[in-house]
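What follows is the content of start12.cif, which has mmCIF, C-alpha atoms and all ligand atoms; chains and numbers go by the auth columns:
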data_work
#
loop_
_atom_site.group_PDB
_atom_site.id
_atom_site.type_symbol
_atom_site.label_atom_id
_atom_site.label_comp_id
_atom_site.label_asym_id
_atom_site.label_seq_id
_atom_site.Cartn_x
_atom_site.Cartn_y
_atom_site.Cartn_z
_atom_site.B_iso_or_equiv
_atom_site.auth_seq_id
_atom_site.auth_asym_id
ATOM 1 C CA MET A 1 56.060 66.684 113.605 0.00 1 M
ATOM 2 C CA MET A 2 52.728 67.937 112.208 0.00 2 M
ATOM 3 C CA GLN A 3 51.455 66.214 109.074 0.00 3 M
ATOM 4 C CA VAL A 4 49.865 68.710 106.699 0.00 4 M
ATOM 5 C CA ALA A 5 48.228 67.823 103.384 0.00 5 M
ATOM 6 C CA VAL A 6 46.283 69.062 100.424 0.00 6 M
ATOM 7 C CA PHE A 7 43.796 66.379 99.361 0.00 7 M
ATOM 8 C CA GLY A 8 43.797 66.032 95.566 0.00 8 M
ATOM 9 C CA THR A 9 46.472 66.339 92.885 0.00 9 M
ATOM 10 C CA GLY A 10 44.025 67.495 90.177 0.00 10 M
ATOM 11 C CA GLY A 11 43.899 71.061 88.879 0.00 11 M
ATOM 12 C CA CYS A 12 42.133 72.170 92.039 0.00 12 M
ATOM 13 C CA GLY A 13 44.746 70.668 94.366 0.00 13 M
ATOM 14 C CA ARG A 14 47.690 71.990 92.359 0.00 14 M
ATOM 15 C CA GLY A 15 46.162 75.476 92.543 0.00 15 M
ATOM 16 C CA VAL A 16 45.693 75.190 96.299 0.00 16 M
ATOM 17 C CA MET A 17 49.139 73.802 97.197 0.00 17 M
ATOM 18 C CA PRO A 18 51.151 77.027 96.641 0.00 18 M
ATOM 19 C CA LEU A 19 48.714 78.953 98.858 0.00 19 M
ATOM 20 C CA ALA A 20 48.867 76.254 101.540 0.00 20 M
ATOM 21 C CA ARG A 21 52.682 76.220 101.335 0.00 21 M
ATOM 22 C CA ARG A 22 52.845 79.968 101.954 0.00 22 M
ATOM 23 C CA LYS A 23 50.506 79.671 104.940 0.00 23 M
ATOM 24 C CA TRP A 24 52.478 76.899 106.597 0.00 24 M
ATOM 25 C CA ILE A 25 55.891 78.479 105.987 0.00 25 M
ATOM 26 C CA ALA A 26 54.573 81.585 107.762 0.00 26 M
ATOM 27 C CA SER A 27 53.255 79.496 110.684 0.00 27 M
ATOM 28 C CA GLY A 28 56.705 78.729 112.110 0.00 28 M
ATOM 29 C CA HIS A 29 55.644 75.144 112.972 0.00 29 M
ATOM 30 C CA ARG A 30 57.585 71.972 112.188 0.00 30 M
ATOM 31 C CA TYR A 31 55.556 70.109 109.606 0.00 31 M
ATOM 32 C CA GLN A 32 55.638 67.966 106.497 0.00 32 M
ATOM 33 C CA LEU A 33 53.437 69.274 103.636 0.00 33 M
ATOM 34 C CA VAL A 34 52.338 66.673 101.082 0.00 34 M
ATOM 35 C CA PHE A 35 49.576 65.826 98.661 0.00 35 M
ATOM 36 C CA VAL A 36 47.091 63.074 99.505 0.00 36 M
ATOM 37 C CA ASP A 37 45.326 61.376 96.625 0.00 37 M
ATOM 38 C CA ASP A 38 43.379 58.128 96.507 0.00 38 M
ATOM 39 C CA ASN A 39 44.623 57.392 92.986 0.00 39 M
ATOM 40 C CA PRO A 40 48.046 58.979 92.733 0.00 40 M
ATOM 41 C CA ALA A 41 49.592 59.006 89.258 0.00 41 M
ATOM 42 C CA THR A 42 53.113 59.361 90.702 0.00 42 M
ATOM 43 C CA GLY A 43 54.795 59.595 94.102 0.00 43 M
ATOM 44 C CA GLU A 44 55.682 63.240 93.521 0.00 44 M
ATOM 45 C CA CYS A 45 53.754 66.293 92.315 0.00 45 M
ATOM 46 C CA ASN A 46 55.114 69.831 91.896 0.00 46 M
ATOM 47 C CA GLY A 47 57.889 69.176 94.402 0.00 47 M
ATOM 48 C CA HIS A 48 55.716 67.521 97.082 0.00 48 M
ATOM 49 C CA ARG A 49 55.401 63.870 97.978 0.00 49 M
ATOM 50 C CA VAL A 50 52.067 62.200 97.166 0.00 50 M
ATOM 51 C CA PHE A 51 50.630 59.682 99.624 0.00 51 M
ATOM 52 C CA THR A 52 47.444 57.699 99.469 0.00 52 M
ATOM 53 C CA TYR A 53 45.117 58.569 102.332 0.00 53 M
ATOM 54 C CA ALA A 54 45.916 55.262 104.053 0.00 54 M
ATOM 55 C CA GLU A 55 49.665 55.917 103.779 0.00 55 M
ATOM 56 C CA TRP A 56 49.288 59.458 105.096 0.00 56 M
ATOM 57 C CA ILE A 57 47.164 58.480 108.066 0.00 57 M
ATOM 58 C CA ASN A 58 49.872 55.997 109.071 0.00 58 M
ATOM 59 C CA GLN A 59 52.691 58.581 109.049 0.00 59 M
ATOM 60 C CA PRO A 60 53.838 59.442 112.578 0.00 60 M
ATOM 61 C CA ALA A 61 52.288 62.790 113.514 0.00 61 M
ATOM 62 C CA SER A 62 51.824 65.099 116.485 0.00 62 M
ATOM 63 C CA SER A 63 48.657 66.312 114.679 0.00 63 M
ATOM 64 C CA ARG A 64 47.130 66.128 111.184 0.00 64 M
ATOM 65 C CA HIS A 65 45.775 69.017 109.128 0.00 65 M
ATOM 66 C CA ILE A 66 44.212 68.903 105.686 0.00 66 M
ATOM 67 C CA SER A 67 42.601 71.070 103.005 0.00 67 M
ATOM 68 C CA ILE A 68 40.147 69.237 100.759 0.00 68 M
ATOM 69 C CA ALA A 69 40.871 70.519 97.245 0.00 69 M
ATOM 70 C CA ILE A 70 38.124 68.676 95.368 0.00 70 M
ATOM 71 C CA ALA A 71 35.752 70.828 93.309 0.00 71 M
ATOM 72 C CA ASN A 72 32.807 68.396 93.427 0.00 72 M
ATOM 73 C CA GLY A 73 30.924 69.216 96.624 0.00 73 M
ATOM 74 C CA THR A 74 29.508 65.716 97.127 0.00 74 M
ATOM 75 C CA THR A 75 32.915 64.061 96.855 0.00 75 M
ATOM 76 C CA ARG A 76 34.346 66.812 99.059 0.00 76 M
ATOM 77 C CA GLU A 77 31.808 66.052 101.791 0.00 77 M
ATOM 78 C CA LYS A 78 32.613 62.324 101.682 0.00 78 M
ATOM 79 C CA VAL A 79 36.328 63.049 102.110 0.00 79 M
ATOM 80 C CA VAL A 80 35.575 65.494 104.940 0.00 80 M
ATOM 81 C CA GLN A 81 33.610 62.799 106.765 0.00 81 M
ATOM 82 C CA ARG A 82 36.435 60.298 106.352 0.00 82 M
ATOM 83 C CA CYS A 83 38.932 62.808 107.735 0.00 83 M
ATOM 84 C CA MET A 84 36.677 63.723 110.671 0.00 84 M
ATOM 85 C CA ALA A 85 36.360 60.044 111.617 0.00 85 M
ATOM 86 C CA ASP A 86 40.172 59.929 111.837 0.00 86 M
ATOM 87 C CA GLY A 87 40.444 63.107 113.920 0.00 87 M
ATOM 88 C CA VAL A 88 42.076 65.115 111.109 0.00 88 M
ATOM 89 C CA GLU A 89 41.714 68.891 111.424 0.00 89 M
ATOM 90 C CA PHE A 90 40.849 71.194 108.532 0.00 90 M
ATOM 91 C CA PHE A 91 42.703 74.383 107.741 0.00 91 M
ATOM 92 C CA GLU A 92 41.596 77.384 105.726 0.00 92 M
ATOM 93 C CA VAL A 93 43.520 78.344 102.597 0.00 93 M
ATOM 94 C CA ARG A 94 43.382 82.023 101.691 0.00 94 M
ATOM 95 C CA ALA A 95 45.408 83.947 99.132 0.00 95 M
ATOM 96 C CA ASP A 96 47.207 87.023 100.500 0.00 96 M
ATOM 97 C CA ASN A 97 45.148 89.416 98.374 0.00 97 M
ATOM 98 C CA VAL A 98 41.660 88.208 99.369 0.00 98 M
ATOM 99 C CA VAL A 99 39.512 91.189 100.324 0.00 99 M
ATOM 100 C CA GLN A 100 37.093 90.703 103.222 0.00 100 M
ATOM 101 C CA LEU A 101 35.054 93.583 104.634 0.00 101 M
ATOM 102 C CA ASP A 102 32.781 93.761 107.715 0.00 102 M
ATOM 103 C CA GLU A 103 30.796 90.986 109.424 0.00 103 M
ATOM 104 C CA VAL A 104 31.756 88.047 107.251 0.00 104 M
ATOM 105 C CA GLN A 105 31.373 84.637 108.922 0.00 105 M
ATOM 106 C CA ILE A 106 33.116 81.702 107.260 0.00 106 M
ATOM 107 C CA SER A 107 32.929 78.132 108.554 0.00 107 M
ATOM 108 C CA ASN A 108 35.934 75.860 108.508 0.00 108 M
ATOM 109 C CA GLY A 109 37.783 74.385 105.560 0.00 109 M
ATOM 110 C CA ALA A 110 37.321 77.237 103.073 0.00 110 M
ATOM 111 C CA ILE A 111 39.583 77.776 100.079 0.00 111 M
ATOM 112 C CA LEU A 112 39.705 81.394 98.911 0.00 112 M
ATOM 113 C CA HIS A 113 41.878 81.878 95.827 0.00 113 M
ATOM 114 C CA SER A 114 43.638 84.989 94.580 0.00 114 M
ATOM 115 C CA PHE A 115 41.534 88.118 93.917 0.00 115 M
ATOM 116 C CA VAL A 116 38.452 86.796 95.750 0.00 116 M
ATOM 117 C CA THR A 117 36.383 89.582 97.319 0.00 117 M
ATOM 118 C CA LEU A 118 33.833 89.160 100.099 0.00 118 M
ATOM 119 C CA THR A 119 32.119 92.425 100.952 0.00 119 M
ATOM 120 C CA SER A 120 30.029 92.983 104.101 0.00 120 M
ATOM 121 C CA ASN A 121 27.441 90.986 106.068 0.00 121 M
ATOM 122 C CA ILE A 122 27.938 87.597 104.488 0.00 122 M
ATOM 123 C CA LYS A 123 27.566 84.123 105.998 0.00 123 M
ATOM 124 C CA ILE A 124 29.391 81.178 104.417 0.00 124 M
ATOM 125 C CA GLY A 125 29.065 77.488 105.326 0.00 125 M
ATOM 126 C CA LYS A 126 31.550 74.635 105.597 0.00 126 M
ATOM 127 C CA HIS A 127 34.239 73.797 103.019 0.00 127 M
ATOM 128 C CA PHE A 128 33.422 76.606 100.623 0.00 128 M
ATOM 129 C CA HIS A 129 35.601 76.990 97.516 0.00 129 M
ATOM 130 C CA ALA A 130 35.911 80.360 95.765 0.00 130 M
ATOM 131 C CA ASN A 131 38.187 80.220 92.740 0.00 131 M
ATOM 132 C CA ILE A 132 40.178 83.154 91.305 0.00 132 M
ATOM 133 C CA TYR A 133 38.415 86.491 90.777 0.00 133 M
ATOM 134 C CA SER A 134 35.088 85.435 92.331 0.00 134 M
ATOM 135 C CA TYR A 135 33.163 87.844 94.479 0.00 135 M
ATOM 136 C CA ILE A 136 30.266 87.730 96.940 0.00 136 M
ATOM 137 C CA GLU A 137 28.427 90.977 97.544 0.00 137 M
ATOM 138 C CA HIS A 138 26.594 92.165 100.681 0.00 138 M
ATOM 139 C CA ASP A 139 23.918 90.207 102.589 0.00 139 M
ATOM 140 C CA CYS A 140 24.439 86.829 100.920 0.00 140 M
ATOM 141 C CA ILE A 141 24.101 83.457 102.640 0.00 141 M
ATOM 142 C CA ILE A 142 26.183 80.623 101.204 0.00 142 M
ATOM 143 C CA GLY A 143 25.572 77.016 102.313 0.00 143 M
ATOM 144 C CA ASP A 144 27.884 74.071 102.934 0.00 144 M
ATOM 145 C CA TYR A 145 30.064 72.471 100.221 0.00 145 M
ATOM 146 C CA VAL A 146 29.397 75.231 97.711 0.00 146 M
ATOM 147 C CA THR A 147 31.840 75.721 94.816 0.00 147 M
ATOM 148 C CA PHE A 148 32.440 78.927 92.877 0.00 148 M
ATOM 149 C CA ALA A 149 34.519 78.439 89.692 0.00 149 M
ATOM 150 C CA PRO A 150 36.707 81.356 88.501 0.00 150 M
ATOM 151 C CA GLY A 151 35.083 84.757 88.055 0.00 151 M
ATOM 152 C CA VAL A 152 31.691 84.119 89.687 0.00 152 M
ATOM 153 C CA LYS A 153 29.838 87.349 90.398 0.00 153 M
ATOM 154 C CA CYS A 154 27.348 86.764 93.191 0.00 154 M
ATOM 155 C CA ASN A 155 25.510 90.013 93.841 0.00 155 M
ATOM 156 C CA GLY A 156 23.781 91.103 97.051 0.00 156 M
ATOM 157 C CA ASN A 157 20.897 89.417 98.889 0.00 157 M
ATOM 158 C CA VAL A 158 21.391 85.994 97.313 0.00 158 M
ATOM 159 C CA VAL A 159 21.049 82.621 99.070 0.00 159 M
ATOM 160 C CA VAL A 160 23.146 79.791 97.662 0.00 160 M
ATOM 161 C CA GLU A 161 22.050 76.521 99.254 0.00 161 M
ATOM 162 C CA ASP A 162 24.269 73.518 100.089 0.00 162 M
ATOM 163 C CA HIS A 163 26.150 71.687 97.325 0.00 163 M
ATOM 164 C CA VAL A 164 25.571 74.269 94.599 0.00 164 M
ATOM 165 C CA TYR A 165 28.218 74.485 91.842 0.00 165 M
ATOM 166 C CA ILE A 166 28.499 77.837 90.032 0.00 166 M
ATOM 167 C CA GLY A 167 30.458 77.757 86.757 0.00 167 M
ATOM 168 C CA ALA A 168 33.077 80.187 85.525 0.00 168 M
ATOM 169 C CA ASN A 169 32.075 83.810 84.846 0.00 169 M
ATOM 170 C CA SER A 170 28.449 83.366 85.887 0.00 170 M
ATOM 171 C CA VAL A 171 26.575 86.418 87.114 0.00 171 M
ATOM 172 C CA ILE A 172 23.863 86.128 89.759 0.00 172 M
ATOM 173 C CA LYS A 173 21.407 89.020 89.905 0.00 173 M
ATOM 174 C CA GLN A 174 20.889 90.676 93.274 0.00 174 M
ATOM 175 C CA GLY A 175 17.853 89.780 95.363 0.00 175 M
ATOM 176 C CA GLN A 176 16.013 92.195 97.632 0.00 176 M
ATOM 177 C CA PRO A 177 16.111 92.524 101.414 0.00 177 M
ATOM 178 C CA GLY A 178 13.337 90.215 102.648 0.00 178 M
ATOM 179 C CA SER A 179 13.061 88.564 99.220 0.00 179 M
ATOM 180 C CA ARG A 180 16.398 87.055 98.383 0.00 180 M
ATOM 181 C CA LEU A 181 17.182 85.305 95.105 0.00 181 M
ATOM 182 C CA VAL A 182 17.678 81.606 96.013 0.00 182 M
ATOM 183 C CA ILE A 183 19.805 79.034 94.211 0.00 183 M
ATOM 184 C CA GLY A 184 18.410 75.709 95.393 0.00 184 M
ATOM 185 C CA ARG A 185 20.355 72.865 96.944 0.00 185 M
ATOM 186 C CA GLY A 186 22.534 70.918 94.503 0.00 186 M
ATOM 187 C CA ALA A 187 21.806 73.170 91.519 0.00 187 M
ATOM 188 C CA VAL A 188 24.503 73.658 88.859 0.00 188 M
ATOM 189 C CA ILE A 189 24.935 77.018 87.167 0.00 189 M
ATOM 190 C CA GLY A 190 26.675 76.616 83.779 0.00 190 M
ATOM 191 C CA MET A 191 29.694 78.736 82.893 0.00 191 M
ATOM 192 C CA GLY A 192 28.754 82.174 81.647 0.00 192 M
ATOM 193 C CA ALA A 193 25.142 82.000 82.841 0.00 193 M
ATOM 194 C CA VAL A 194 23.274 85.159 83.762 0.00 194 M
ATOM 195 C CA VAL A 195 20.929 84.140 86.567 0.00 195 M
ATOM 196 C CA THR A 196 18.039 86.597 86.807 0.00 196 M
ATOM 197 C CA LYS A 197 15.652 84.685 89.106 0.00 197 M
ATOM 198 C CA SER A 198 15.659 81.918 91.714 0.00 198 M
ATOM 199 C CA VAL A 199 16.823 78.461 90.592 0.00 199 M
ATOM 200 C CA PRO A 200 15.038 75.283 91.846 0.00 200 M
ATOM 201 C CA PRO A 201 17.055 72.624 93.707 0.00 201 M
ATOM 202 C CA GLY A 202 18.938 70.032 91.669 0.00 202 M
ATOM 203 C CA VAL A 203 18.602 71.537 88.190 0.00 203 M
ATOM 204 C CA THR A 204 21.320 72.747 85.785 0.00 204 M
ATOM 205 C CA VAL A 205 20.787 76.162 84.217 0.00 205 M
ATOM 206 C CA VAL A 206 22.705 77.814 81.356 0.00 206 M
ATOM 207 C CA GLY A 207 22.512 80.884 79.171 0.00 207 M
ATOM 208 C CA ASN A 208 21.432 84.506 79.336 0.00 208 M
ATOM 209 C CA PRO A 209 18.913 84.730 80.880 0.00 209 M
ATOM 210 C CA ALA A 210 19.631 81.370 82.512 0.00 210 M
ATOM 211 C CA SER A 211 17.121 78.590 81.886 0.00 211 M
ATOM 212 C CA VAL A 212 17.029 74.890 82.719 0.00 212 M
ATOM 213 C CA LEU A 213 19.278 72.730 80.529 0.00 213 M
ATOM 214 C CA GLN A 214 17.035 69.990 79.160 0.00 214 M
ATOM 215 C CA LYS A 215 18.756 66.588 79.032 0.00 215 M
ATOM 216 C CA LYS A 216 18.672 64.767 75.691 0.00 216 M
ATOM 217 C CA PHE A 217 18.007 61.061 76.051 0.00 217 M
ATOM 218 C CA PHE A 218 18.705 59.956 72.441 0.00 218 M
HETATM 219 C C1 LIG B . 26.465 73.377 82.281 0.00 1 E
HETATM 220 C C2 LIG B . 27.382 72.182 82.341 0.00 1 E
HETATM 221 C C3 LIG B . 27.472 71.688 83.797 0.00 1 E
HETATM 222 C C4 LIG B . 26.747 71.109 81.461 0.00 1 E
HETATM 223 O O1 LIG B . 27.558 70.003 81.396 0.00 1 E
HETATM 224 P P1 LIG B . 27.025 68.674 80.672 0.00 1 E
HETATM 225 O O2 LIG B . 25.796 68.181 81.375 0.00 1 E
HETATM 226 O O3 LIG B . 28.187 67.737 80.559 0.00 1 E
HETATM 227 O O4 LIG B . 26.526 69.192 79.275 0.00 1 E
HETATM 228 P P2 LIG B . 27.154 69.008 77.816 0.00 1 E
HETATM 229 O O5 LIG B . 28.573 69.479 77.768 0.00 1 E
HETATM 230 O O6 LIG B . 26.839 67.621 77.386 0.00 1 E
HETATM 231 O O7 LIG B . 26.275 70.039 76.967 0.00 1 E
HETATM 232 C C5 LIG B . 24.884 69.842 76.745 0.00 1 E
HETATM 233 C C6 LIG B . 24.396 70.985 75.885 0.00 1 E
HETATM 234 O O8 LIG B . 24.426 72.201 76.631 0.00 1 E
HETATM 235 C C7 LIG B . 25.271 73.169 76.002 0.00 1 E
HETATM 236 N N1 LIG B . 26.009 73.838 77.080 0.00 1 E
HETATM 237 C C8 LIG B . 26.842 73.261 77.969 0.00 1 E
HETATM 238 N N2 LIG B . 27.303 74.173 78.830 0.00 1 E
HETATM 239 C C9 LIG B . 26.749 75.339 78.494 0.00 1 E
HETATM 240 C C10 LIG B . 26.864 76.641 79.013 0.00 1 E
HETATM 241 N N3 LIG B . 27.615 76.901 80.090 0.00 1 E
HETATM 242 N N4 LIG B . 26.155 77.629 78.424 0.00 1 E
HETATM 243 C C11 LIG B . 25.366 77.361 77.341 0.00 1 E
HETATM 244 N N5 LIG B . 25.225 76.138 76.795 0.00 1 E
HETATM 245 C C12 LIG B . 25.920 75.142 77.370 0.00 1 E
HETATM 246 C C13 LIG B . 26.185 72.370 75.095 0.00 1 E
HETATM 247 O O9 LIG B . 26.652 73.160 74.006 0.00 1 E
HETATM 248 C C14 LIG B . 25.257 71.265 74.652 0.00 1 E
HETATM 249 O O10 LIG B . 24.393 71.754 73.664 0.00 1 E
HETATM 250 P P3 LIG B . 23.894 70.794 72.454 0.00 1 E
HETATM 251 O O11 LIG B . 23.141 69.662 73.132 0.00 1 E
HETATM 252 O O12 LIG B . 23.013 71.690 71.659 0.00 1 E
HETATM 253 O O13 LIG B . 25.117 70.330 71.758 0.00 1 E
HETATM 254 C C15 LIG B . 28.823 72.507 81.863 0.00 1 E
HETATM 255 O O14 LIG B . 28.912 72.701 80.468 0.00 1 E
HETATM 256 C C16 LIG B . 29.397 73.746 82.548 0.00 1 E
HETATM 257 O O15 LIG B . 29.134 74.903 82.185 0.00 1 E
HETATM 258 N N6 LIG B . 30.230 73.480 83.593 0.00 1 E
HETATM 259 C C17 LIG B . 30.960 74.481 84.299 0.00 1 E
HETATM 260 C C18 LIG B . 32.393 74.568 83.749 0.00 1 E
HETATM 261 C C19 LIG B . 33.276 75.475 84.545 0.00 1 E
HETATM 262 O O16 LIG B . 32.880 76.538 84.971 0.00 1 E
HETATM 263 N N7 LIG B . 34.488 75.043 84.811 0.00 1 E
HETATM 264 C C20 LIG B . 35.422 75.757 85.645 0.00 1 E
HETATM 265 C C21 LIG B . 36.563 74.831 86.002 0.00 1 E
HETATM 266 S S1 LIG B . 37.667 75.551 87.173 0.00 1 E
#
Now that the file is in, can you turn its structure into structure tokens?
Ligand SMILES: CC(C)(COP(=O)(O)OP(=O)(O)OC[C@H]1O[C@@H](n2cnc3c(N)ncnc32)[C@H](O)[C@@H]1OP(=O)(O)O)[C@@H](O)C(=O)NCCC(=O)NCCS
Amino acid sequence: MMQVAVFGTGGCGRGVMPLARRKWIASGHRYQLVFVDDNPATGECNGHRVFTYAEWINQPASSRHISIAIANGTTREKVVQRCMADGVEFFEVRADNVVQLDEVQISNGAILHSFVTLTSNIKIGKHFHANIYSYIEHDCIIGDYVTFAPGVKCNGNVVVEDHVYIGANSVIKQGQPGSRLVIGRGAVIGMGAVVTKSVPPGVTVVGNPASVLQKKFF
């Protein structure tokens, strides 16, 4: 029997499980679908068993398949590496009503929630998460381990580098062909931000127009 899991019983994982369930029911395979969580609160969650990773990896299996439902891109990458070392395969989760137009390349492990729209000529890296009602417009390049919270509006000709987190209802202004707007590696865009120009790597920006959130140390 195939062992199939959603990693994480947090809000992210519980939002992903119903989409994963629909996918695997439609597959016609024989499988067991469970949650995996390193710190499980209970042995059951929303009708599915919860195993620790070590328990799950010791279940008899013809093959193992997992979706990493962890919003933090750094933690997500660590879990991905652990799974790869154990020969676990990753599956894409995609709501039935996702819209995808022409020439969209998506690497493995993506999670595309309900009402996500990807228009044309878009490249997306590994283990991308797009939460409900997010969109990516034409000619964007999205890196690895990028997370879009609900309602992110990423307009055309934007580059989002690896490990960027974009908060709920943020709007990213379009770039230009040959002069894309770039959100630098590891940047965080606060919920509701209106990003009008490129964002340096590693900073957090908030507001309209978005500016760097200064940390208070006292
Ligand atoms: C931007 C963000 C990452 C900052 O988090 P943080 O470092 O913990 O910051 P704090 O909550 O301590 O807030 C620091 C200050 O920034 C302000 N602030 C926080 N987020 C803000 C935002 N999105 N827009 C404007 N101001 C914001 C706070 O009011 C606070 O101001 P103060 O110092 O004058 O009181 C976070 O607030 C955020 O927007 N996260 C995304 C949330 C989201 O989209 N969730 C979706 C879940 S599915």
Quick check, in Å to one decimal: how far apart do CA of Arg22 (chain M) and CA of Phe91 (chain M) lie?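 A separation of 12.9 Å between them.
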Selected residue of minimal separation from Asn131 (chain M) among M:Val34, M:Leu118, M:Val152, M:Ile70, counting all atoms listed in the file: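 Among M:Val34, M:Leu118, M:Val152, M:Ile70, it is M:Val152 that comes nearest to Asn131 (chain M).
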Can you list, as a ChimeraX atom specification, the residues that the PyMOL selection byres (((chain M and resi 39) around 10) and not hetatm) selects here? /M:8-9,36-38,40-42,50-53
Any idea what's packed within 12 Å of Phe128 (chain M), counting all atoms listed in the file, ignoring anything in its chain fewer than 3 positions away? Could you give it as a ChimeraX atom specification? /M:67-73,76-77,91-94,105-113,123-125,131,141-149,160-166
Tell me, as a ChimeraX atom specification, which residues lie within 7 Å of region 199-205 of chain M, counting only C-alpha atoms; anything in the same chain fewer than 4 positions away does not count. /M:182-190,210-213
Explicit residues for the PyMOL selection byres (((not hetatm)) within 6 of (chain E and resi 1)) (as a count of residues only): 8
What does the structure give for the distance between CA of Glu103 (chain M) and CA of Phe90 (chain M), in Å to one decimal?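 Those two atoms sit 22.2 Å apart.
When only C-alpha atoms are used to measure the gap to Ala95 (chain M), the shortest distance among M:Ala130, M:Val79, M:Ile66, M:Val6 belongs to M:Ala130.
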Need the neighbours of (11.2, 89.1, 96.1): which residues are at most 12 Å away, counting only C-alpha atoms, as a PDB file with C-alpha atoms, in the frame of the given file?
ATOM      1  CA  ASN M 157      20.897  89.417  98.889  1.00  0.00           C
ATOM      2  CA  VAL M 158      21.391  85.994  97.313  1.00  0.00           C
ATOM      3  CA  LYS M 173      21.407  89.020  89.905  1.00  0.00           C
ATOM      4  CA  GLN M 174      20.889  90.676  93.274  1.00  0.00           C
ATOM      5  CA  GLY M 175      17.853  89.780  95.363  1.00  0.00           C
ATOM      6  CA  GLN M 176      16.013  92.195  97.632  1.00  0.00           C
ATOM      7  CA  PRO M 177      16.111  92.524 101.414  1.00  0.00           C
ATOM      8  CA  GLY M 178      13.337  90.215 102.648  1.00  0.00           C
ATOM      9  CA  SER M 179      13.061  88.564  99.220  1.00  0.00           C
ATOM     10  CA  ARG M 180      16.398  87.055  98.383  1.00  0.00           C
ATOM     11  CA  LEU M 181      17.182  85.305  95.105  1.00  0.00           C
ATOM     12  CA  VAL M 182      17.678  81.606  96.013  1.00  0.00           C
ATOM     13  CA  THR M 196      18.039  86.597  86.807  1.00  0.00           C
ATOM     14  CA  LYS M 197      15.652  84.685  89.106  1.00  0.00           C
ATOM     15  CA  SER M 198      15.659  81.918  91.714  1.00  0.00           C
TER      16      SER M 198
END
Best match for closeness to Arg21 (chain M) among M:Asn46, M:Gln59, M:Asn169, M:Ser120, counting all atoms listed in the file: M:Asn46
Put the listed atoms of region 137-156 of chain M in a box along x, y and z with 3 Å added on every side and give me the centre and edge lengths in Å to one decimal, as AutoDock Vina command-line options.
--center_x 30.2 --center_y 82.3 --center_z 95.5 --size_x 18.9 --size_y 25.7 --size_z 20.9
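Interatomic distance, CA of Ser114 (chain M) against CA of Asp96 (chain M): 7.2 Å.
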